[in-house]
Structure formats: structure tokens, C-alpha cells
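Here is the structure we will look at, set down as C-alpha cells.
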Number of protein chains: 2
Amino acid sequence: MSSVSIKEVAARAGVSPGTVSNVLNRPEKVAASTRSRVETAIRELGFVRHGSASSLRAGHSRTVGLSVIDIGNPFFTDVAAGVEEVASERGYAVILGNSSGDRLKEERNLLVFAEQRVRGVLITPSGPDLTGLGQLKQRGINVVLVDHPAERADQCSVAVNDVVGGSMAVAHLLEAGPARIAYVTGPLAVRQCADRLIGAEQALAAAGRDPAEALEEIEMSAMNARSGQQAAEKLIAEGRLPDAVFCANDLMALGMLRGLLQAGVRVPGDVRLIGYDDIDFASASAVSLSSIRQPTHRLGRVATDLLLDECDNPDSHAHQQVTFQPELIVRESTR
Amino acid sequence: MSSVSIKEVAARAGVSPGTVSNVLNRPEKVAASTRSRVETAIRELGFVRHGSASSLRAGHSRTVGLSVIDIGNPFFTDVAAGVEEVASERGYAVILGNSSGDRLKEERNLLVFAEQRVRGVLITPSGPDLTGLGQLKQRGINVVLVDHPAERADQCSVAVNDVVGGSMAVAHLLEAGPARIAYVTGPLAVRQCADRLIGAEQALAAAGRDPAEALEEIEMSAMNARSGQQAAEKLIAEGRLPDAVFCANDLMALGMLRGLLQAGVRVPGDVRLIGYDDIDFASASAVSLSSIRQPTHRLGRVATDLLLDECDNPDSHAHQQVTFQPELIVRESTR
DNA sequence: CTTTGTCATAAAAACGTTTTACGAAAAAGG
DNA sequence: CCTTTTTCGTAAAACGTTTTTATGACAAAG
């Protein structure tokens, strides 16, 4: 109720409102004695700056929007944690939006962000169509793509090379000798899934094998543990187990692991298994899971650094498309 | 850049700015013909309401703050997903803060919320000291406690009965006959951990056993898979394995499971194991984990419903302290 | 002792909405 | 046909900041 304004602070400190604003925003512009007088007044009155008034007048807020595909996936959770860290350090608030892979929901999120006049948006697009983002940029809202390389040089992006990751995974599976491999994936319309497949095929080709023959694709609609287990049941029902399985993410790999073990298939004895993302639970499962590690937390941090740099230094800012390299983590499931 | 204001919409529709505002906020107050004229003008110009200006004048924003203890824990992730769903449905934006169990960080979050003049705050307090929340309420910001029962009747809260949950877990472990049980927990200063211990002791007492003798407490500083595995190593090093282990959350239980299996201890053969939270990964692990399920998603949804009801109907709103009951989920690890 | 320049502060005008008080026109009532 | 009520719109005043321009004091320069 009792909202104390800059005016009351000014009155108590015996200065004008403008001076209080200067203390808040350009402390160096005001004499040390007045400054400390104002500061104690602020403390005594428990004044908190009114963000809306501030951003209305200043023309920009101290918030960023974060739109992710699935907040339930540890991958995105780690990214979000990194984003929150940096934003918080630099005095920005994070507005969270969960698109659930739904284009409509994603657009609703962007509308909310626009209404809040966020300073910038961090987004993992749910699909290949980025028109909505162009509109944001027209409105002066900066955009950084997360886990999605920018096609054009006029914007920042952070991503991890999924082709390389897919290649690493399959090359590792082939180390044990020629093998028939199943690639269990989410929708191939999802860029990450498609890129990992390309990498897998490259690795097979490099080993002198024909992908069409040595690689079986199993495309599921969801990318969670349940769908991984369903894929396992399908493989078992068909009766011809592959020598190795590469899952497009760890959630699916964990489901696959469970399905295989339940059916009495030994991992890695009968089937070698590798996942993707290296989520915490990958190492905690009973047969610890080999995986492709992505620098998730760092992804979030760097994306936010880029975004806030763009916001705070619009002139000197140079757009960057950062690509990280994934890392192979070998554990029991492929030993 | 091109920020179109309500004025330009008004000009194009041939009405006054006030009328546009009415179309936006009280559509029933304006004649159908003018309304549609205004609406097409809005569409044609791509007008988006300026949230800051709106909340400055109206005195309240359409945002809520969410402060959680660990966004990396699937428990909180599920809660957050529920919160985001409801908020989004009702046109509110969610500002996310991660306290990491750090009191200072939590206060910084609350300050940010206050600056943004959020309509309300959803918070899982990181400790027993709730003074910071009192200040918020003085400022007219509604507060709903999440996973923490309110002590006083003047505010809303949603929680799950942790005493009952702890009791359920241990009673279930005792079904197989008298057993020596280890309770592997996070800091007992955390209410949830302490309550689950109380429940555990009650269950033992009800079975006619002396808790001091039949229950060993192992208190770890963190509540993740790593600390669970450390606890397992400690138990094994000491050489006297309990008959059953109750872990204060599933992350610790998964670590415990891994530690035990690696040492050749059979689960549930040698040691029966139960966790808490029933996170997705509990059922996906190779020896699927018995657990105490909490309605996490629902917790988030109900909390947000209560908060927004309090915001939108301050007069008719009746404070509620909702307590859910947990549910025992039996899987392989205790069969 | 004047003039010039510097600097801290004051005063006032924005920012884009919502809201209040009020008028005009239309509908209802006699 | 004249009142009374109702409906629909307008104009203008907020909301709490930031920012620009103006002002006055005081020091340095002449």
C-alpha cells in the first residue's frame, strides 16, 4: 500500500526529485555529501524504484524474456539456470515462457514479452519459421537464438554442433567393430534431431559403411523416457536387435535402457547404448549412460551475456554466432 | 523502433484515446460498431499495449514472481511448469528467480519483484525466516507460499503433508518385517527434511519399534545424486548395511541406488530402497525406484490459481491453506 | 572588481496509458 | 411532445520516473 516515491525521498533529503534520480542512475554526477544524504533517505524510507515508471520514461525495461521448448527437460533447465544467473548478476529480471513445442504458445509468449517491453529475448525456436522474431527486432527488441545457429549475420546465436555430436556418438559405437545401429530420435523436423542423424551418417560413411544398410531410424513423436521405452519394446518385438543404439537425447536413452534391461537384454553386453545431452541422471542410472555432453549451463550464460551486451552497448556490439563443440562421455553402457 | 501508441490507433479509428483504452479493458462499455472499428485499427497498425505505461497508471502489473530453491530439481521444475501454465492462461507473465537456497539471493529476487511491481509472489522459502515476505505484503504484493504451510491464517499456502509422506515411506519399508532403517537426508534445518523424519519416527513407533535404535540418520549438506552416492559409500565403508534405506528425495535415492549396485549390493534383495518426490527418472532407472509421489504440477497450478484469485478478487477472496496428501508408489526397489 | 567558466542542483516537460467527470445524443416514460 | 434516464464518447488529469534545459553559486581568469 504505502508506496514511497522519489518525491518523498527528495523532500526528506532536502533535494529535488531530479537529484534523487541522478543518485540512482548516475551517482558520479552528484556531490558526495548530497549523495550520501539521499542514500540514507532512501534507506530510511524503504524506497524501491518503480520499474514501470522508470521504463516508461527511459524507454526500456530491465527484463529479458526466455522462451524454451520444454522446461521439464533438464537440458533446458540447465540453460535456464545459466540465464537466470547472468541476468540476476546484471540486475535484469527473467520472464519465463514455456512453448511446449507449440507454435501458438510460442507466439503468445512473444506477445507477452512485447507487452512487457522486455529489453531482449532469448529463444529456442520450436520450429524453423522465425518470422515472429523479425517482428520483435522491428520493435527494437534484441533477439538471441539459443541452441539454434542463426542463418544470417545480423543476430546473435549460441549453439552446439549437432552434426559433430552425432558423428562422435556413432564413431564411438563403431570403435568396437562393424555394427548395425539404431538411431532413436524425436521428430526429424526438429533441427537437432536431423543434424544428429546427418552426423551419424557421416560417421558410418567415414568407416566405409553404407548408412542405408547399417543404420535404422526409429522416429518417435515425443522425446521423453516413455517414448524411449516404447522404442525398446518395438525393437524387441521385431526380434532383431541392433548391435548398438544411439538415442537423440538422454531421456529417451534412459527409457531405452530400462526397456532393454527389463527384457533381459544386457547393456552393454548385447546392445551398446549411447544418449545425448549428458544430463545429471545419465551418470546416476544403474548402468551409467555414455552420452554426448553439451555445455548447457554455459550456453545459457553466454547467450545472456551476448544479449545484454547488445542491449547495453548497441553501438560497439558485434553480432556473434557462437558454436560450441560437444564432448564424448564414455560410461558403462558402451564399455 | 516504431512503437505505435494508443493515440495513433485512436486517430486512425476516429475516436479518442480513452475509447481505445475502453475497448482494451472494458469492451462491453463501447458500442459494437466503434469497437470493431478500433479493433481493426489495432490489427492494422500492429499495436501492442505498453505494459509499463499501463501498470504505472493502473497501479498494478500483470506479472507474478516465482522464487524457487533449485530450478535444477525436477520437483521445482514441475511446479514451475504448473505455474507458467496457469499464469499464461490468465494473461500473466512469470518472472523467475532461483534462490539456490541462498537467503541473500532470495532477498535480491524479492527486491527485483518489488521493483517490477509484480502483482503477487509465489515462493518456496529457503528457510524459516519469513520477514521479507511481510514487507512485500505491506507493499500490497500478495504472497502465496509454495510447498510450505502458512503459519498464520492471513495468507494462502499450498503444501504436501511431509509427516504423512515420511510415515508412509517407513511404514511401507516395515511391511517386510522389522528392519533397521537408514534415513538419508539433506539439512534437517530444511522443513521438508525434518518433517519427513518426524513421519518416519511415527511409523516406527506405531510398529512398536524404538526410533532411536531402529533408525539411523545420515545428514548430507546437499540433496543431489552425488550426495546420495556418498552416503552409500559411507554405509558400505562402515560395513553394517541397514535392511532398508529411505532417502529424502529421489535425486539422493538414485545416487544411493547406484552406489549400492556398484558395490555389489542387491536392491531390493539385500537392501530395500525408497525415495521421495517420484520424479520422472525414478521410474526410468534400471531398478525402478519406489517413491512418495507429490502432486507437483498441481501444486504449482493451485498456488497460482489462489494467487490470481487474490489479485483479481481482493474482496471476495478467502485465504486458504491447502494441504495435499502424498501417495505411495511401489516399484521394484522395495519388492 | 568584473568576466568567464564550471558544476551541482532545480524546474518542468515528457513517456503511454487509465480513469474521472462531464456532455451529447438516444431511448424510455408520461 | 416534453421530461427523465440511459448509453456512449470525449477531454483532461493523473501515475512515478527520467531527461533536458535553465539557474544560481562559486572559483578562476583577466
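If you're wondering about the labels, chains in the C-alpha cells are A, B, ... by order shown, residues count from 1 in each chain, ligands from 1 in order shown.
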
Could you work out which residues of chain A fall inside 10 Å of chain D? Count only C-alpha atoms (C1' of nucleotides), and format the result as a tab-separated table (two decimals) with N, CA and C atoms, in the first residue's frame.
chain	number	residue	atom	x	y	z
A	4	VAL	N	6.30	4.53	-1.38
A	4	VAL	CA	7.00	5.81	-1.27
A	4	VAL	C	7.68	6.13	-2.59
A	5	SER	N	7.50	7.38	-3.01
A	5	SER	CA	8.01	7.77	-4.31
A	5	SER	C	9.29	8.58	-4.17
A	6	ILE	N	9.86	8.84	-5.29
A	6	ILE	CA	11.10	9.59	-5.37
A	6	ILE	C	10.93	10.99	-4.79
A	7	LYS	N	9.72	11.48	-4.88
A	7	LYS	CA	9.43	12.82	-4.34
A	7	LYS	C	9.63	12.88	-2.84
A	17	PRO	N	13.59	16.02	-6.84
A	17	PRO	CA	13.42	14.66	-7.37
A	17	PRO	C	14.49	14.31	-8.41
A	18	GLY	N	14.82	15.27	-9.23
A	18	GLY	CA	15.81	15.02	-10.27
A	18	GLY	C	17.13	14.55	-9.69
A	21	SER	N	16.98	10.96	-8.73
A	21	SER	CA	17.12	10.14	-9.93
A	21	SER	C	18.58	10.03	-10.33
A	22	ASN	N	19.29	11.14	-10.24
A	22	ASN	CA	20.71	11.10	-10.57
A	22	ASN	C	21.49	10.18	-9.63
A	25	ASN	N	20.86	6.74	-10.92
A	25	ASN	CA	21.31	6.32	-12.25
A	25	ASN	C	22.70	6.82	-12.65
A	49	ARG	N	12.55	1.72	-6.32
A	49	ARG	CA	12.25	2.36	-7.60
A	49	ARG	C	11.07	1.66	-8.30
A	50	HIS	N	10.21	2.44	-8.89
A	50	HIS	CA	9.05	1.91	-9.61
A	50	HIS	C	9.47	1.54	-11.03
A	51	GLY	N	9.66	0.24	-11.25
A	51	GLY	CA	10.17	-0.23	-12.53
A	51	GLY	C	9.34	0.23	-13.72
A	52	SER	N	8.03	0.23	-13.59
A	52	SER	CA	7.18	0.62	-14.71
A	52	SER	C	7.40	2.08	-15.07
A	53	ALA	N	7.37	2.94	-14.06
A	53	ALA	CA	7.57	4.36	-14.32
A	53	ALA	C	8.93	4.57	-14.96
A	54	SER	N	9.89	3.88	-14.40
A	54	SER	CA	11.24	4.01	-14.91
A	54	SER	C	11.34	3.61	-16.37
A	55	SER	N	10.80	2.45	-16.70
A	55	SER	CA	10.99	2.00	-18.08
A	55	SER	C	10.07	2.76	-19.03
A	56	LEU	N	8.97	3.25	-18.51
A	56	LEU	CA	8.10	4.06	-19.37
A	56	LEU	C	8.87	5.29	-19.85
A	57	ARG	N	9.47	5.98	-18.90
A	57	ARG	CA	10.18	7.19	-19.26
A	57	ARG	C	11.49	6.89	-20.01
A	58	ALA	N	12.24	5.93	-19.48
A	58	ALA	CA	13.55	5.65	-20.05
A	58	ALA	C	13.45	4.97	-21.42
A	59	GLY	N	12.32	4.38	-21.68
A	59	GLY	CA	12.13	3.76	-22.99
A	59	GLY	C	12.56	2.32	-23.06

Apply DSSP to the backbone of this structure and, from region 154-326 of chain A, keep only the residues in alpha helix (DSSP H); write these as a ChimeraX atom specification. /A:162-174,191-206,211-214,225-238,250-262,280-284,296-312

Select, from B:Pro178, B:Gly120, B:Gly72, B:Gly239, the residue with the minimum atom-to-atom distance to chain A, counting only C-alpha atoms.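 Distance minimum relative to chain A lands on B:Gly72.
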
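Checking B:Val15, B:Ala232, B:Ile218, B:Val287 one by one against chain A, counting only C-alpha atoms, you find the shortest gap at B:Val287.
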
One decimal, Å: what's the distance from CA of Arg258 (chain B) over to CA of Ala286 (chain A), could you say?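 These two atoms are separated by 5.2 Å.
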
For region 240-249 of chain A: contacts at 8 Å, only C-alpha atoms (C1' of nucleotides), fewer than 3 positions along chain excluded, given as a ChimeraX atom specification: /A:169-170,173,179-186,193,196,223,228,235-236,252-253,270-277

Residues of the last selection are to be written out with N, CA and C atoms, as a PDB file, in the first residue's frame.
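Output file part36.pdb is given in full below:
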ATOM      1  N   ALA A 169      29.115 -39.776 -31.570  1.00  0.00           N
ATOM      2  CA  ALA A 169      28.390 -40.866 -30.921  1.00  0.00           C
ATOM      3  C   ALA A 169      28.526 -42.144 -31.736  1.00  0.00           C
ATOM      4  N   VAL A 170      28.259 -42.022 -33.024  1.00  0.00           N
ATOM      5  CA  VAL A 170      28.269 -43.215 -33.862  1.00  0.00           C
ATOM      6  C   VAL A 170      29.693 -43.722 -34.073  1.00  0.00           C
ATOM      7  N   LEU A 173      30.489 -45.768 -31.207  1.00  0.00           N
ATOM      8  CA  LEU A 173      29.825 -47.074 -31.252  1.00  0.00           C
ATOM      9  C   LEU A 173      30.551 -48.013 -32.211  1.00  0.00           C
ATOM     10  N   ALA A 179      29.060 -52.550 -36.880  1.00  0.00           N
ATOM     11  CA  ALA A 179      27.847 -52.822 -36.108  1.00  0.00           C
ATOM     12  C   ALA A 179      26.634 -52.320 -36.846  1.00  0.00           C
ATOM     13  N   ARG A 180      25.509 -52.946 -36.600  1.00  0.00           N
ATOM     14  CA  ARG A 180      24.231 -52.441 -37.080  1.00  0.00           C
ATOM     15  C   ARG A 180      23.683 -51.545 -35.981  1.00  0.00           C
ATOM     16  N   ILE A 181      23.337 -50.307 -36.342  1.00  0.00           N
ATOM     17  CA  ILE A 181      22.998 -49.296 -35.345  1.00  0.00           C
ATOM     18  C   ILE A 181      21.576 -48.793 -35.539  1.00  0.00           C
ATOM     19  N   ALA A 182      20.877 -48.609 -34.427  1.00  0.00           N
ATOM     20  CA  ALA A 182      19.559 -47.964 -34.495  1.00  0.00           C
ATOM     21  C   ALA A 182      19.681 -46.538 -33.966  1.00  0.00           C
ATOM     22  N   TYR A 183      19.088 -45.597 -34.706  1.00  0.00           N
ATOM     23  CA  TYR A 183      19.049 -44.209 -34.248  1.00  0.00           C
ATOM     24  C   TYR A 183      17.620 -43.901 -33.802  1.00  0.00           C
ATOM     25  N   VAL A 184      17.442 -43.768 -32.501  1.00  0.00           N
ATOM     26  CA  VAL A 184      16.121 -43.494 -31.953  1.00  0.00           C
ATOM     27  C   VAL A 184      15.994 -41.995 -31.749  1.00  0.00           C
ATOM     28  N   THR A 185      15.043 -41.381 -32.419  1.00  0.00           N
ATOM     29  CA  THR A 185      15.013 -39.923 -32.473  1.00  0.00           C
ATOM     30  C   THR A 185      13.618 -39.361 -32.256  1.00  0.00           C
ATOM     31  N   GLY A 186      13.558 -38.084 -31.965  1.00  0.00           N
ATOM     32  CA  GLY A 186      12.297 -37.349 -31.972  1.00  0.00           C
ATOM     33  C   GLY A 186      11.986 -36.957 -33.402  1.00  0.00           C
ATOM     34  N   CYS A 193      17.516 -33.052 -34.033  1.00  0.00           N
ATOM     35  CA  CYS A 193      17.394 -34.463 -34.389  1.00  0.00           C
ATOM     36  C   CYS A 193      17.946 -34.728 -35.781  1.00  0.00           C
ATOM     37  N   ARG A 196      21.812 -34.466 -35.922  1.00  0.00           N
ATOM     38  CA  ARG A 196      22.484 -35.602 -35.296  1.00  0.00           C
ATOM     39  C   ARG A 196      22.444 -36.818 -36.226  1.00  0.00           C
ATOM     40  N   MET A 223      10.024 -36.869 -27.039  1.00  0.00           N
ATOM     41  CA  MET A 223      11.430 -37.099 -26.726  1.00  0.00           C
ATOM     42  C   MET A 223      11.630 -37.310 -25.239  1.00  0.00           C
ATOM     43  N   GLY A 228      11.234 -43.506 -25.298  1.00  0.00           N
ATOM     44  CA  GLY A 228      12.421 -44.336 -25.404  1.00  0.00           C
ATOM     45  C   GLY A 228      12.106 -45.787 -25.084  1.00  0.00           C
ATOM     46  N   LEU A 235      11.723 -52.581 -30.802  1.00  0.00           N
ATOM     47  CA  LEU A 235      12.906 -53.327 -31.252  1.00  0.00           C
ATOM     48  C   LEU A 235      12.819 -54.790 -30.839  1.00  0.00           C
ATOM     49  N   ILE A 236      12.420 -54.988 -29.583  1.00  0.00           N
ATOM     50  CA  ILE A 236      12.377 -56.347 -29.048  1.00  0.00           C
ATOM     51  C   ILE A 236      11.285 -57.162 -29.726  1.00  0.00           C
ATOM     52  N   MET A 252      15.286 -40.271 -23.680  1.00  0.00           N
ATOM     53  CA  MET A 252      14.929 -41.438 -24.483  1.00  0.00           C
ATOM     54  C   MET A 252      15.880 -42.593 -24.190  1.00  0.00           C
ATOM     55  N   ALA A 253      17.151 -42.282 -24.017  1.00  0.00           N
ATOM     56  CA  ALA A 253      18.139 -43.332 -23.771  1.00  0.00           C
ATOM     57  C   ALA A 253      17.839 -44.048 -22.452  1.00  0.00           C
ATOM     58  N   ASP A 270      24.891 -57.176 -24.760  1.00  0.00           N
ATOM     59  CA  ASP A 270      24.192 -57.498 -26.003  1.00  0.00           C
ATOM     60  C   ASP A 270      24.038 -56.269 -26.898  1.00  0.00           C
ATOM     61  N   VAL A 271      23.676 -55.172 -26.290  1.00  0.00           N
ATOM     62  CA  VAL A 271      23.464 -53.935 -27.050  1.00  0.00           C
ATOM     63  C   VAL A 271      24.227 -52.811 -26.371  1.00  0.00           C
ATOM     64  N   ARG A 272      24.991 -52.072 -27.135  1.00  0.00           N
ATOM     65  CA  ARG A 272      25.669 -50.910 -26.584  1.00  0.00           C
ATOM     66  C   ARG A 272      24.766 -49.701 -26.789  1.00  0.00           C
ATOM     67  N   LEU A 273      24.826 -48.777 -25.858  1.00  0.00           N
ATOM     68  CA  LEU A 273      23.828 -47.697 -25.868  1.00  0.00           C
ATOM     69  C   LEU A 273      24.482 -46.356 -25.577  1.00  0.00           C
ATOM     70  N   ILE A 274      24.119 -45.359 -26.349  1.00  0.00           N
ATOM     71  CA  ILE A 274      24.614 -44.006 -26.073  1.00  0.00           C
ATOM     72  C   ILE A 274      23.481 -42.997 -26.214  1.00  0.00           C
ATOM     73  N   GLY A 275      23.509 -42.003 -25.354  1.00  0.00           N
ATOM     74  CA  GLY A 275      22.475 -40.970 -25.390  1.00  0.00           C
ATOM     75  C   GLY A 275      23.041 -39.634 -25.837  1.00  0.00           C
ATOM     76  N   TYR A 276      22.358 -38.563 -25.464  1.00  0.00           N
ATOM     77  CA  TYR A 276      22.787 -37.230 -25.891  1.00  0.00           C
ATOM     78  C   TYR A 276      22.323 -36.213 -24.853  1.00  0.00           C
ATOM     79  N   ASP A 277      23.182 -35.313 -24.467  1.00  0.00           N
ATOM     80  CA  ASP A 277      22.949 -34.191 -23.540  1.00  0.00           C
ATOM     81  C   ASP A 277      23.774 -34.330 -22.262  1.00  0.00           C
TER      82      ASP A 277
END

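Taking CA of Gln230 (chain A) and CA of Val265 (chain A) as the two end points, the separation is 15.0 Å.
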
Tell me which protein, DNA and RNA residues are within 10 Å of Ala318 (chain B), counting only C-alpha atoms (C1' of nucleotides), leaving out same-chain ones fewer than 5 positions away, and put them as a ChimeraX atom specification. /B:153-156,306,309-310,313

Could you write those residues out with N, CA and C atoms, as a short mmCIF file (atom, residue, chain, number, x, y, z; two decimals), in the first residue's frame?
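Dumped everything to selection-v9.cif:
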data_model
loop_
_atom_site.label_atom_id
_atom_site.label_comp_id
_atom_site.auth_asym_id
_atom_site.auth_seq_id
_atom_site.Cartn_x
_atom_site.Cartn_y
_atom_site.Cartn_z
N ALA B 153 -3.23 -17.45 9.40
CA ALA B 153 -4.38 -17.61 8.50
C ALA B 153 -4.51 -16.45 7.53
N ASP B 154 -3.58 -15.48 7.59
CA ASP B 154 -3.75 -14.29 6.76
C ASP B 154 -3.05 -14.41 5.42
N GLN B 155 -2.72 -15.63 5.06
CA GLN B 155 -2.17 -15.78 3.71
C GLN B 155 -2.41 -17.19 3.19
N CYS B 156 -2.29 -17.30 1.88
CA CYS B 156 -2.52 -18.59 1.24
C CYS B 156 -1.24 -19.41 1.22
N LEU B 306 -4.79 -19.62 -6.63
CA LEU B 306 -5.05 -18.90 -5.39
C LEU B 306 -4.52 -17.47 -5.48
N ASP B 309 -6.53 -15.38 -7.90
CA ASP B 309 -7.84 -15.09 -7.33
C ASP B 309 -7.73 -13.94 -6.33
N GLU B 310 -6.70 -14.01 -5.52
CA GLU B 310 -6.48 -12.96 -4.52
C GLU B 310 -6.24 -11.62 -5.21
N ASN B 313 -9.80 -10.73 -7.26
CA ASN B 313 -10.99 -10.55 -6.42
C ASN B 313 -10.59 -10.31 -4.98
#

What are the residues of chain C that have an atom within 8 Å of an atom of chain A, counting only C-alpha atoms (C1' of nucleotides), as a ChimeraX atom specification? /C:8-10,14-16

Identify every residue of chain B that has at least one atom within 8 Å of any atom of chain A, counting only C-alpha atoms, and report the result as a VMD selection string. chain B and resid 1 to 3 48 to 53 55 to 56 71 to 72 74 77 to 78 81 84 91 93 to 98 111 to 112 114 to 117 138 to 140 225 254 to 255 257 to 258 261 281 284 to 287

For Ala13 (chain A), work out the shell of residues within 10 Å, counting only C-alpha atoms (C1' of nucleotides) and skipping chain neighbours fewer than 6 positions away, then give it as a list in words.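 Everything that qualifies: Lys7, Thr19, Val20, Thr34, Arg35, Ser36, Arg37, Val38, Glu39, Thr40, Ala41 and Ile42 of chain A.
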
Using only C-alpha atoms, find the one residue out of A:Glu217, A:Glu175, A:Glu332, A:Glu44 that sits nearest to Pro268 (chain A).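 For Pro268 (chain A), the nearest of the given residues is A:Glu332.
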
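Nearest residue to Val164 (chain B) among B:Arg301, B:His317, B:Arg335, B:Arg293 is B:Arg293, counting only C-alpha atoms.
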
Write out as a count of residues only which residues come within 8 Å of Ile329 (chain B) when counting only C-alpha atoms (C1' of nucleotides), dropping same-chain ones fewer than 2 positions away. 7

Would you please work out which residue, of A:Leu133, A:Val121, A:Glu8, A:Pro211, is nearest to Glu107 (chain A) when using only C-alpha atoms?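 Of the candidates, the smallest distance to Glu107 (chain A) is held by A:Leu133.
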
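Separating CA of Ser157 (chain A) from CA of Leu328 (chain A) is a distance of 23.1 Å.
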